[in-house]
>>> print(open('coords.cif').read())   # mmCIF, C-alpha atoms and all ligand atoms
data_final
#
loop_
_atom_site.label_atom_id
_atom_site.label_comp_id
_atom_site.auth_asym_id
_atom_site.auth_seq_id
_atom_site.Cartn_x
_atom_site.Cartn_y
_atom_site.Cartn_z
CA MET A 154 -22.10 34.54 151.18
CA THR A 155 -25.05 32.55 152.47
CA GLY A 156 -24.82 29.68 150.02
CA ASN A 157 -21.15 28.86 150.50
CA GLU A 158 -21.28 29.27 154.30
CA LEU A 159 -24.32 26.97 154.48
CA VAL A 160 -22.44 24.34 152.53
CA ARG A 161 -19.42 24.71 154.81
CA GLN A 162 -21.48 24.39 157.99
CA ILE A 163 -23.37 21.34 156.72
CA LEU A 164 -20.13 19.64 155.69
CA THR A 165 -18.19 20.43 158.86
CA ARG A 166 -20.67 20.42 161.75
CA GLU A 167 -21.04 16.95 163.28
CA GLU A 168 -24.82 17.10 163.63
CA TYR A 169 -25.31 17.38 159.86
CA GLN A 170 -24.93 14.42 157.53
CA ASP A 171 -26.87 15.91 154.63
CA HIS A 172 -26.05 15.66 150.94
CA ILE A 173 -26.05 19.03 149.16
CA LEU A 174 -26.79 19.99 145.58
CA GLY A 175 -25.93 23.61 144.93
CA PHE A 176 -25.73 25.99 142.01
CA ASP A 177 -24.72 29.56 141.22
CA ASN A 178 -24.29 31.40 137.92
CA PHE A 179 -21.49 33.49 139.49
CA TYR A 180 -23.31 36.74 138.93
CA ALA A 181 -21.83 38.04 142.17
CA SER A 182 -19.43 35.31 143.22
CA SER A 183 -16.91 32.83 141.88
CA MET A 184 -15.65 29.26 142.19
CA GLU A 185 -13.15 30.67 144.69
CA THR A 186 -15.90 30.94 147.32
CA ILE A 187 -16.55 27.18 147.37
CA LYS A 188 -13.28 25.68 146.21
CA ASP A 189 -12.57 24.27 149.70
CA CYS A 190 -15.83 22.25 149.54
CA LEU A 191 -15.68 20.88 146.00
CA ASN A 192 -13.82 17.68 146.82
CA ASN A 193 -16.33 16.59 149.42
CA GLU A 194 -18.47 13.72 148.13
CA ARG A 195 -21.51 15.07 150.00
CA PHE A 196 -21.50 18.20 147.81
CA GLN A 197 -22.40 18.45 144.11
CA PHE A 198 -22.04 21.85 142.53
CA TYR A 199 -23.34 23.15 139.18
CA GLN A 200 -22.68 26.44 137.41
CA TYR A 201 -26.34 27.05 136.65
CA ASP A 202 -28.62 30.05 136.31
CA ILE A 203 -31.91 29.99 138.20
CA ASN A 204 -33.53 31.69 135.19
CA ASN A 205 -32.30 29.09 132.68
CA ARG A 206 -35.13 26.61 132.19
CA LYS A 207 -32.95 23.85 130.68
CA GLN A 208 -30.46 24.03 133.53
CA MET A 209 -33.20 24.06 136.15
CA ALA A 210 -34.86 21.05 134.47
CA LYS A 211 -31.53 19.18 134.72
CA PHE A 212 -31.21 20.21 138.35
CA GLU A 213 -34.71 18.89 139.02
CA SER A 214 -33.86 15.57 137.38
CA TYR A 215 -30.70 15.18 139.52
CA ILE A 216 -32.82 15.52 142.66
CA ASN A 217 -35.51 13.21 141.33
CA ASN A 218 -32.84 10.58 140.67
CA ILE A 219 -31.56 10.51 144.26
CA LYS A 220 -34.37 11.76 146.47
CA GLU A 221 -35.58 8.27 147.48
CA LYS A 222 -32.28 7.68 149.28
CA PHE A 223 -33.00 10.52 151.70
CA GLU A 224 -35.37 11.14 154.60
CA GLU A 225 -36.33 14.57 153.32
CA VAL A 226 -35.51 17.13 150.66
CA ILE A 227 -35.08 20.76 151.67
CA TYR A 228 -34.85 23.63 149.20
CA ILE A 229 -33.01 26.75 150.34
CA ASN A 230 -33.29 29.75 148.07
CA CYS A 231 -30.16 31.92 148.28
CA ALA A 232 -29.76 32.84 144.60
CA ALA A 233 -30.62 36.50 144.21
CA SER A 234 -29.56 39.83 142.90
CA VAL A 235 -28.57 41.36 146.25
CA HIS A 236 -26.07 44.18 146.49
CA THR A 237 -27.35 47.77 146.97
CA GLU A 238 -25.76 48.56 143.62
CA HIS A 239 -28.10 46.02 141.96
CA PHE A 240 -31.24 47.04 143.85
CA TYR A 241 -31.96 49.60 141.12
CA HIS A 242 -31.97 47.00 138.32
CA VAL A 243 -35.70 46.47 138.36
CA TYR A 244 -36.03 43.77 135.64
CA GLU A 245 -33.04 41.73 136.77
CA THR A 246 -34.26 41.85 140.35
CA TYR A 247 -37.75 40.82 139.26
CA GLU A 248 -36.52 37.98 137.05
CA THR A 249 -34.14 36.39 139.56
CA ASN A 250 -35.58 37.31 142.93
CA VAL A 251 -39.28 36.99 142.14
CA VAL A 252 -39.79 34.76 139.08
CA GLY A 253 -36.70 32.64 139.84
CA MET A 254 -37.75 32.19 143.46
CA ASN A 255 -41.26 31.10 142.47
CA GLU A 256 -40.05 28.72 139.73
CA PHE A 257 -37.71 27.15 142.29
CA LEU A 258 -40.59 26.84 144.75
CA GLN A 259 -42.78 25.18 142.11
CA GLN A 260 -39.90 22.79 141.37
CA ALA A 261 -39.64 21.93 145.08
CA ILE A 262 -43.37 21.22 145.21
CA ARG A 263 -43.25 19.11 141.99
CA ILE A 264 -40.53 16.86 143.27
CA GLY A 265 -42.26 16.47 146.65
CA ALA A 266 -39.68 18.32 148.76
CA GLN A 267 -40.76 18.63 152.37
CA LYS A 268 -39.45 22.15 153.03
CA TYR A 269 -38.54 25.43 151.37
CA ILE A 270 -36.59 28.16 153.13
CA ASN A 271 -36.94 31.53 151.43
CA CYS A 272 -34.28 34.18 152.05
CA SER A 273 -36.18 37.45 152.13
CA THR A 274 -34.79 40.68 153.54
CA SER A 275 -35.18 43.29 156.28
CA GLU A 276 -35.23 45.84 153.42
CA VAL A 277 -38.99 45.17 153.28
CA TYR A 278 -39.33 47.32 156.41
CA SER A 279 -38.14 50.18 154.23
CA MET A 280 -38.77 53.51 155.99
CA ASN A 281 -40.09 51.82 159.18
CA SER A 282 -37.03 49.72 159.89
CA TRP A 283 -37.10 50.38 163.64
CA ASN A 284 -39.45 51.43 166.39
CA GLU A 285 -39.19 52.80 169.88
CA TYR A 286 -40.00 49.47 171.54
CA GLY A 287 -36.72 47.75 170.73
CA GLY A 288 -37.05 46.66 167.18
CA VAL A 289 -39.53 46.24 164.36
CA LYS A 290 -41.56 43.02 164.42
CA GLU A 291 -42.53 40.70 161.60
CA SER A 292 -46.19 41.59 162.16
CA ASP A 293 -45.69 45.38 162.11
CA TYR A 294 -47.20 47.29 159.22
CA ILE A 295 -44.78 48.44 156.58
CA THR A 296 -44.29 51.97 155.25
CA MET A 297 -42.53 51.56 151.95
CA SER A 298 -40.85 54.16 149.89
CA ASN A 299 -41.91 53.62 146.29
CA ALA A 300 -41.18 54.60 142.71
CA GLU A 301 -41.95 58.22 143.61
CA HIS A 302 -38.86 58.12 145.81
CA SER A 303 -36.34 55.60 144.49
CA GLN A 304 -36.12 52.54 142.25
CA ARG A 305 -34.06 51.00 145.06
CA THR A 306 -37.19 49.71 146.82
CA SER A 307 -37.94 47.40 143.87
CA TYR A 308 -35.62 44.87 145.56
CA ALA A 309 -37.65 45.02 148.78
CA ALA A 310 -40.98 44.96 146.92
CA GLY A 311 -39.88 41.86 145.00
CA LYS A 312 -38.74 40.07 148.15
CA LEU A 313 -42.01 40.96 149.87
CA LEU A 314 -43.91 39.23 147.08
CA THR A 315 -41.86 36.05 147.60
CA GLU A 316 -43.09 35.96 151.21
CA PHE A 317 -46.65 35.70 149.84
CA PHE A 318 -45.67 32.83 147.51
CA ILE A 319 -44.28 30.71 150.33
CA LYS A 320 -47.18 31.58 152.64
CA ASP A 321 -49.66 30.52 149.95
CA ALA A 322 -47.84 27.22 149.27
CA VAL A 323 -47.82 26.37 152.99
CA ASN A 324 -51.47 27.39 153.44
CA GLU A 325 -52.39 25.14 150.52
CA GLY A 326 -50.57 22.22 152.19
CA LYS A 327 -48.09 21.89 149.31
CA ILE A 328 -44.91 22.22 151.37
CA LYS A 329 -43.61 23.47 154.73
CA GLY A 330 -41.47 26.58 154.87
CA CYS A 331 -40.84 30.13 155.95
CA SER A 332 -39.22 33.37 154.88
CA ILE A 333 -36.25 34.90 156.66
CA ARG A 334 -35.65 38.64 156.87
CA PHE A 335 -31.91 38.99 157.38
CA ALA A 336 -30.43 42.36 158.31
CA ASN A 337 -27.02 43.46 157.01
CA VAL A 338 -25.17 40.18 156.77
CA TYR A 339 -21.38 40.29 156.66
CA SER A 340 -18.83 37.55 156.34
CA ARG A 341 -15.29 37.06 157.59
CA ASN A 342 -14.14 36.20 154.06
CA GLU A 343 -16.39 38.41 152.01
CA ARG A 344 -15.28 38.71 148.42
CA TYR A 345 -17.52 41.65 147.48
CA PRO A 346 -15.38 44.65 148.34
CA LYS A 347 -18.26 47.10 148.06
CA HIS A 348 -20.20 45.83 151.06
CA ILE A 349 -19.79 48.29 153.91
CA ILE A 350 -17.50 46.31 156.24
CA PRO A 351 -14.98 45.14 153.62
CA TYR A 352 -15.23 48.58 152.00
CA ILE A 353 -14.25 50.31 155.25
CA ILE A 354 -11.40 47.87 155.95
CA ASN A 355 -10.09 48.10 152.37
CA SER A 356 -10.29 51.90 152.32
CA LEU A 357 -8.44 52.18 155.61
CA LYS A 358 -5.85 49.65 154.50
CA ASN A 359 -5.20 51.11 151.04
CA GLU A 360 -5.89 54.83 151.48
CA GLY A 361 -5.96 55.50 155.21
CA ARG A 362 -9.34 57.24 154.79
CA VAL A 363 -12.95 56.32 154.13
CA ILE A 364 -15.45 58.08 151.87
CA LEU A 365 -18.99 57.56 153.15
CA LEU A 366 -22.39 58.61 151.84
CA GLU A 367 -23.91 61.73 153.43
CA ASN A 368 -26.52 59.33 154.91
CA SER A 369 -23.78 57.92 157.15
CA LYS A 370 -23.71 61.12 159.20
CA LYS A 371 -26.90 59.76 160.81
CA ASN A 372 -27.24 56.10 159.85
CA ARG A 373 -26.99 53.28 162.36
CA ARG A 374 -27.07 49.58 161.56
CA THR A 375 -26.83 46.20 163.23
CA PHE A 376 -24.58 43.63 161.56
CA LEU A 377 -25.23 39.91 161.40
CA ASN A 378 -22.30 37.55 160.97
CA ASN A 379 -23.02 35.03 158.25
CA TYR A 380 -22.18 32.17 160.60
CA ASP A 381 -25.28 33.25 162.55
CA SER A 382 -27.48 33.92 159.50
CA CYS A 383 -26.71 30.44 158.15
CA ASN A 384 -27.19 28.88 161.55
CA ALA A 385 -30.67 30.45 161.59
CA VAL A 386 -31.44 28.84 158.21
CA LEU A 387 -30.35 25.44 159.52
CA VAL A 388 -32.17 25.80 162.84
CA LEU A 389 -35.40 26.83 161.12
CA ALA A 390 -35.08 24.05 158.55
CA SER A 391 -34.97 21.51 161.36
CA THR A 392 -37.82 23.02 163.41
CA ASP A 393 -40.98 21.75 161.72
CA SER A 394 -43.28 23.67 164.07
CA ALA A 395 -41.73 26.95 162.87
CA LEU A 396 -42.32 26.22 159.18
CA ASP A 397 -45.83 27.66 159.03
CA GLY A 398 -45.22 29.87 155.99
CA SER A 399 -44.58 32.94 158.12
CA VAL A 400 -41.66 35.32 158.36
CA TYR A 401 -38.72 35.40 160.79
CA ASN A 402 -36.46 38.35 161.53
CA VAL A 403 -32.84 37.29 161.89
CA ALA A 404 -30.54 39.99 163.22
CA THR A 405 -28.57 41.21 166.21
CA ASP A 406 -29.48 44.10 168.48
CA GLU A 407 -25.95 45.53 168.59
CA GLU A 408 -26.57 48.87 166.92
CA ILE A 409 -23.66 51.02 165.79
CA THR A 410 -23.42 54.24 163.79
CA ILE A 411 -21.52 53.92 160.52
CA ILE A 412 -19.08 56.54 161.78
CA ASP A 413 -18.40 54.52 164.93
CA LEU A 414 -18.01 51.41 162.76
CA VAL A 415 -15.21 53.18 160.85
CA LYS A 416 -13.60 54.24 164.13
CA LEU A 417 -13.85 50.74 165.56
CA CYS A 418 -12.28 49.16 162.46
CA ALA A 419 -9.54 51.80 162.49
CA LYS A 420 -8.80 51.16 166.17
CA LYS A 421 -8.53 47.45 165.49
CA MET A 422 -6.17 48.21 162.59
CA ARG A 423 -4.15 50.53 164.86
CA ILE A 424 -5.01 53.62 162.82
CA THR A 425 -5.51 56.65 165.05
CA ASP A 426 -7.91 59.38 163.98
CA PRO A 427 -9.06 57.91 160.61
CA LYS A 428 -10.03 60.43 157.94
CA ILE A 429 -13.73 60.28 157.04
CA GLU A 430 -15.16 62.19 154.08
CA PHE A 431 -18.79 62.37 152.97
CA LYS A 432 -19.88 62.25 149.34
CA GLY A 433 -23.17 61.33 147.62
CA TYR A 434 -26.60 60.65 149.04
CA ARG A 435 -28.81 57.55 148.83
CA GLU A 436 -32.56 58.12 148.64
CA SER A 437 -34.91 55.91 150.66
CA ASP A 438 -32.20 54.63 152.99
CA PRO A 439 -33.60 54.28 156.53
CA GLU A 440 -31.59 55.94 159.30
CA ARG A 441 -31.85 52.91 161.55
CA ARG A 442 -32.52 49.20 161.02
CA LEU A 443 -33.29 47.49 164.28
CA LEU A 444 -35.22 44.22 164.22
CA SER A 445 -37.00 42.37 167.00
CA THR A 446 -35.88 38.73 167.05
CA GLU A 447 -38.34 37.64 169.73
CA LYS A 448 -40.22 35.42 167.29
CA ILE A 449 -37.34 33.19 166.15
CA LYS A 450 -36.01 33.04 169.72
CA SER A 451 -39.39 31.94 171.07
CA LYS A 452 -39.89 29.25 168.42
CA THR A 453 -36.34 27.91 168.12
CA GLN A 454 -33.07 27.75 170.05
CA TRP A 455 -31.41 30.28 167.73
CA LYS A 456 -29.49 33.24 169.04
CA PRO A 457 -26.50 35.07 167.54
CA GLN A 458 -23.15 33.66 168.63
CA ILE A 459 -20.66 36.05 167.06
CA ASN A 460 -20.69 39.62 168.34
CA LEU A 461 -19.52 42.51 166.19
CA ASP A 462 -16.23 42.84 168.05
CA ASN A 463 -15.18 39.23 167.32
CA GLY A 464 -16.70 39.29 163.83
CA LEU A 465 -14.72 42.40 162.87
CA ASP A 466 -11.50 40.86 164.21
CA GLU A 467 -12.02 37.93 161.81
CA CYS A 468 -12.78 40.24 158.86
CA ILE A 469 -9.76 42.43 159.51
CA ALA A 470 -7.47 39.41 159.87
CA PHE A 471 -8.75 38.10 156.51
CA TYR A 472 -8.34 41.42 154.69
CA LEU A 473 -4.90 42.14 156.08
CA LYS A 474 -3.72 38.66 155.10
CA ASN A 475 -5.15 38.77 151.57
N1 LIG B 501 -26.30 40.08 152.53
C1 LIG B 501 -27.29 40.63 153.22
O1 LIG B 501 -27.08 41.56 154.00
C2 LIG B 501 -28.70 40.13 153.07
C3 LIG B 501 -29.65 40.77 153.83
C4 LIG B 501 -30.97 40.35 153.70
C5 LIG B 501 -31.29 39.31 152.86
N2 LIG B 501 -30.34 38.71 152.11
C6 LIG B 501 -30.78 37.62 151.22
O2 LIG B 501 -30.05 36.45 151.50
C7 LIG B 501 -29.89 35.68 150.29
C8 LIG B 501 -28.43 35.37 150.09
O3 LIG B 501 -27.74 36.59 149.89
P1 LIG B 501 -26.18 36.74 150.12
O4 LIG B 501 -25.97 37.71 151.18
O5 LIG B 501 -25.59 35.39 150.24
O6 LIG B 501 -25.79 37.45 148.76
P2 LIG B 501 -24.76 36.97 147.65
O7 LIG B 501 -24.80 37.99 146.55
O8 LIG B 501 -23.47 36.64 148.25
O9 LIG B 501 -25.44 35.62 147.14
C9 LIG B 501 -26.38 35.55 146.13
C10 LIG B 501 -25.85 34.58 145.10
O10 LIG B 501 -26.83 34.42 144.07
C11 LIG B 501 -26.13 34.27 142.87
N3 LIG B 501 -27.02 34.57 141.77
C12 LIG B 501 -27.48 35.78 141.35
N4 LIG B 501 -28.26 35.63 140.29
C13 LIG B 501 -28.34 34.30 140.03
C14 LIG B 501 -28.99 33.53 139.04
N5 LIG B 501 -29.73 34.11 138.09
N6 LIG B 501 -28.83 32.20 139.06
C15 LIG B 501 -28.06 31.59 140.00
N7 LIG B 501 -27.41 32.28 140.96
C16 LIG B 501 -27.55 33.62 140.97
C17 LIG B 501 -24.96 35.23 142.97
O11 LIG B 501 -23.91 34.91 142.07
C18 LIG B 501 -24.57 35.06 144.43
O12 LIG B 501 -23.56 34.10 144.61
C19 LIG B 501 -30.51 36.51 149.17
O13 LIG B 501 -31.81 36.07 148.91
C20 LIG B 501 -30.55 37.91 149.75
O14 LIG B 501 -31.59 38.67 149.18
C21 LIG B 501 -29.04 39.08 152.20
#
>>> encode(input="coords.cif", output="structure tokens", more="lines below")
Ligand SMILES: NC(=O)c1ccc[n+]([C@@H]2O[C@H](COP(=O)([O-])OP(=O)(O)OC[C@H]3O[C@@H](n4cnc5c(N)ncnc54)[C@H](O)[C@@H]3O)[C@@H](O)[C@H]2O)c1
Amino acid sequence: MTGNELVRQILTREEYQDHILGFDNFYASSMETIKDCLNNERFQFYQYDINNRKQMAKFESYINNIKEKFEEVIYINCAASVHTEHFYHVYETYETNVVGMNEFLQQAIRIGAQKYINCSTSEVYSMNSWNEYGGVKESDYITMSNAEHSQRTSYAAGKLLTEFFIKDAVNEGKIKGCSIRFANVYSRNERYPKHIIPYIINSLKNEGRVILLENSKKNRRTFLNNYDSCNAVLVLASTDSALDGSVYNVATDEEITIIDLVKLCAKKMRITDPKIEFKGYRESDPERRLLSTEKIKSKTQWKPQINLDNGLDECIAFYLKN
């Protein structure tokens, strides 16, 4: 989601003239997600695995060969094992999200890249994903569930470690950069049908009912459109003063219960009184996830531009058409 939307924004927004080298091993995506960008001469794409040393060495050599032509080189780390279904795969998560991230950071430092943007996650807030003052801050202490509760938190623990890697590299003067804690990103053309928004739309469309986890009787979330998450990456990448190795929350403050989300989607799809059933329970899933975005707003011009109402309209239009 993030990678292909970043490419699209860089290629289509007038203020960006950058050249992009991208890769994905299609663990959770496909060529379909970038096919509209492949013919652009400012974009080179490789089907590479971040854990494959030979492929990453080739990738490094491609950048070394052209870097002198450019004012700066920016690394953006989107490759990760992400979906809640994969959070429980401890070794895979460790290999890609932790070792892969660090190898990619070391590569950036070796080639003399100026900046590294690390996509972390709001999952690191774990059981303290909100507070009574209007959202959890980057500097708040974290209360993590752990292996006593659920293997799920291995994803968050791994991402938390990556925040230390980037902080260390910046402190040591090796590169500029930051980590971004996104919260519940969704996309208008999401291809992963198990993410909550496409799941709800698909269930309503195909079955006229939605089966939710028992957690959803209480859970509330905010949802960040991936236009806005990618815009935050680009805004941070071009704000040198913000690249101090620290962490930025990127989210909206439009909180909605999962049940109301189903009702809202149903209303937009002209389904009255949608059937909701509850089945299964997910351990270590916080009831709320509400982030303070004061820090990014005070250091950059970023603010979300797509509210949930408009974002859902785009998602529903996409799913009904396809
Ligand atoms: N989607 C969210 O709600 C969310 C929330 C917080 C943080 N993030 C973070 O944002 C970043 C981007 O996530 P996304 O939402 O675009 O998820 P995504 O799954 O759409 O993108 C991750 C991409 O990484 C690729 N990938 C996985 N393993 C790889 C490997 N070994 N080598 C090369 N590519 C590999 C996948 O095929 C996929 O295309 C990730 O670091 C993720 O942890 C996402």
>>> residues_near_point(input="coords.cif", point="(-21.7, 36.0, 164.0)", cutoff="7 Å", atoms="only C-alpha atoms", output="VMD selection string")
chain A and resid 377 to 381 457 to 460 464
>>> axis_aligned_box(input="coords.cif", around="ligand LIG 501 (chain B)", padding_each_side="3 Å", output="AutoDock Vina command-line options")
--center_x -27.6 --center_y 36.6 --center_z 146.0 --size_x 14.3 --size_y 16.0 --size_z 21.9
>>> closest_residue(input="coords.cif", among="A:Ile229, A:Ala181, A:Ile411, A:Ile350", to="ligand LIG 501 (chain B)", atoms="all atoms listed in the file")
A:Ala181
>>> closest_atom_pairs(input="coords.cif", of="stretch 345-452 of chain A", to="stretch 330-338 of chain A", cutoff="9 Å", atoms="all atoms listed in the file", output="CSV")
residue,atom,partner,partner_atom,distance
A:Arg374,CA,A:Asn337,CA,7.6
A:Thr375,CA,A:Asn337,CA,6.8
A:Phe376,CA,A:Asn337,CA,5.2
A:Leu377,CA,A:Val338,CA,4.6
A:Asn378,CA,A:Val338,CA,5.7
A:Asn379,CA,A:Val338,CA,5.8
A:Ser382,CA,A:Phe335,CA,7.1
A:Ala385,CA,A:Ile333,CA,8.7
A:Val386,CA,A:Ile333,CA,7.9
A:Leu389,CA,A:Cys331,CA,8.2
A:Ala390,CA,A:Gly330,CA,7.8
A:Asp393,CA,A:Gly330,CA,8.4
A:Ala395,CA,A:Cys331,CA,7.7
A:Leu396,CA,A:Gly330,CA,4.4
A:Asp397,CA,A:Gly330,CA,6.1
A:Gly398,CA,A:Cys331,CA,4.4
A:Ser399,CA,A:Cys331,CA,5.2
A:Val400,CA,A:Ser332,CA,4.7
A:Tyr401,CA,A:Ile333,CA,4.8
A:Asn402,CA,A:Arg334,CA,4.7
A:Val403,CA,A:Phe335,CA,4.9
A:Ala404,CA,A:Ala336,CA,5.5
A:Thr405,CA,A:Ala336,CA,8.2
A:Arg442,CA,A:Ala336,CA,7.6
A:Leu443,CA,A:Ala336,CA,8.4
A:Leu444,CA,A:Ala336,CA,7.8
>>> residues_around(input="coords.cif", residues="A:Ser437", least_positions_apart="6", cutoff="9 Å", atoms="only C-alpha atoms", output="MDAnalysis selection string")
chainID A and resid 279:280 297:299 302:303 305:306
>>> residues_near_ligand(input="coords.cif", ligand="ligand LIG 501 (chain B)", cutoff="9 Å", atoms="only C-alpha atoms and all ligand atoms", output="PyMOL selection string")
chain A and resi 154-158+176-183+186+200-205+230-236+245-246+248-250+253-254+271-276+308-309+312+333-340+343-345+348+376-377+379+382+403
>>> residues_around(input="coords.cif", residues="A:Ile295", least_positions_apart="2", cutoff="7 Å", atoms="all atoms listed in the file", output="list in words")
Tyr278, Asn281, Asp293 and Met297 of chain A
>>> atom_distance(input="coords.cif", atom1="atom CA of A:Thr296", atom2="atom CA of A:Tyr241")
18.9 Å
>>> closest_residue(input="coords.cif", among="A:Leu414, A:Glu440, A:Ala266, A:Trp455", to="A:Thr392", atoms="all atoms listed in the file")
A:Trp455
>>> closest_residue(input="coords.cif", among="A:Ile364, A:Met184, A:Asp406, A:Asn193", to="A:Thr165", atoms="all atoms listed in the file")
A:Asn193
>>> residues_around(input="coords.cif", residues="A:Ala210", least_positions_apart="4", cutoff="12 Å", atoms="only C-alpha atoms", output="ChimeraX atom specification")
/A:201-206,214-217,256-257,259-261,263-264
>>> build_atoms(input="coords.cif", residues="stretch 331-345 of chain A", atoms="N, CA and C atoms", output="tab-separated table (two decimals), in the frame of the given file")
chain	number	residue	atom	x	y	z
A	331	CYS	N	-40.75	28.79	155.33
A	331	CYS	CA	-40.84	30.13	155.95
A	331	CYS	C	-39.97	31.08	155.14
A	332	SER	N	-40.11	32.35	155.45
A	332	SER	CA	-39.22	33.37	154.88
A	332	SER	C	-38.38	33.94	156.00
A	333	ILE	N	-37.15	34.32	155.67
A	333	ILE	CA	-36.25	34.90	156.66
A	333	ILE	C	-35.89	36.31	156.23
A	334	ARG	N	-36.08	37.25	157.16
A	334	ARG	CA	-35.65	38.64	156.87
A	334	ARG	C	-34.33	38.89	157.58
A	335	PHE	N	-33.25	38.71	156.84
A	335	PHE	CA	-31.91	38.99	157.38
A	335	PHE	C	-31.66	40.50	157.38
A	336	ALA	N	-30.82	40.95	158.31
A	336	ALA	CA	-30.43	42.36	158.31
A	336	ALA	C	-28.91	42.48	158.21
A	337	ASN	N	-28.44	43.11	157.16
A	337	ASN	CA	-27.02	43.46	157.01
A	337	ASN	C	-26.06	42.33	157.37
A	338	VAL	N	-26.05	41.32	156.54
A	338	VAL	CA	-25.17	40.18	156.77
A	338	VAL	C	-23.75	40.55	156.31
A	339	TYR	N	-22.77	40.13	157.10
A	339	TYR	CA	-21.38	40.29	156.66
A	339	TYR	C	-20.66	38.98	156.90
A	340	SER	N	-19.54	38.81	156.23
A	340	SER	CA	-18.83	37.55	156.34
A	340	SER	C	-17.35	37.80	156.57
A	341	ARG	N	-16.72	36.88	157.29
A	341	ARG	CA	-15.29	37.06	157.59
A	341	ARG	C	-14.44	36.99	156.32
A	342	ASN	N	-14.95	36.30	155.28
A	342	ASN	CA	-14.14	36.20	154.06
A	342	ASN	C	-14.90	36.71	152.85
A	343	GLU	N	-15.56	37.83	153.07
A	343	GLU	CA	-16.39	38.41	152.01
A	343	GLU	C	-15.54	38.82	150.80
A	344	ARG	N	-16.04	38.42	149.63
A	344	ARG	CA	-15.28	38.71	148.42
A	344	ARG	C	-15.80	39.97	147.71
A	345	TYR	N	-16.94	40.49	148.17
A	345	TYR	CA	-17.52	41.65	147.48
A	345	TYR	C	-17.03	42.92	148.18
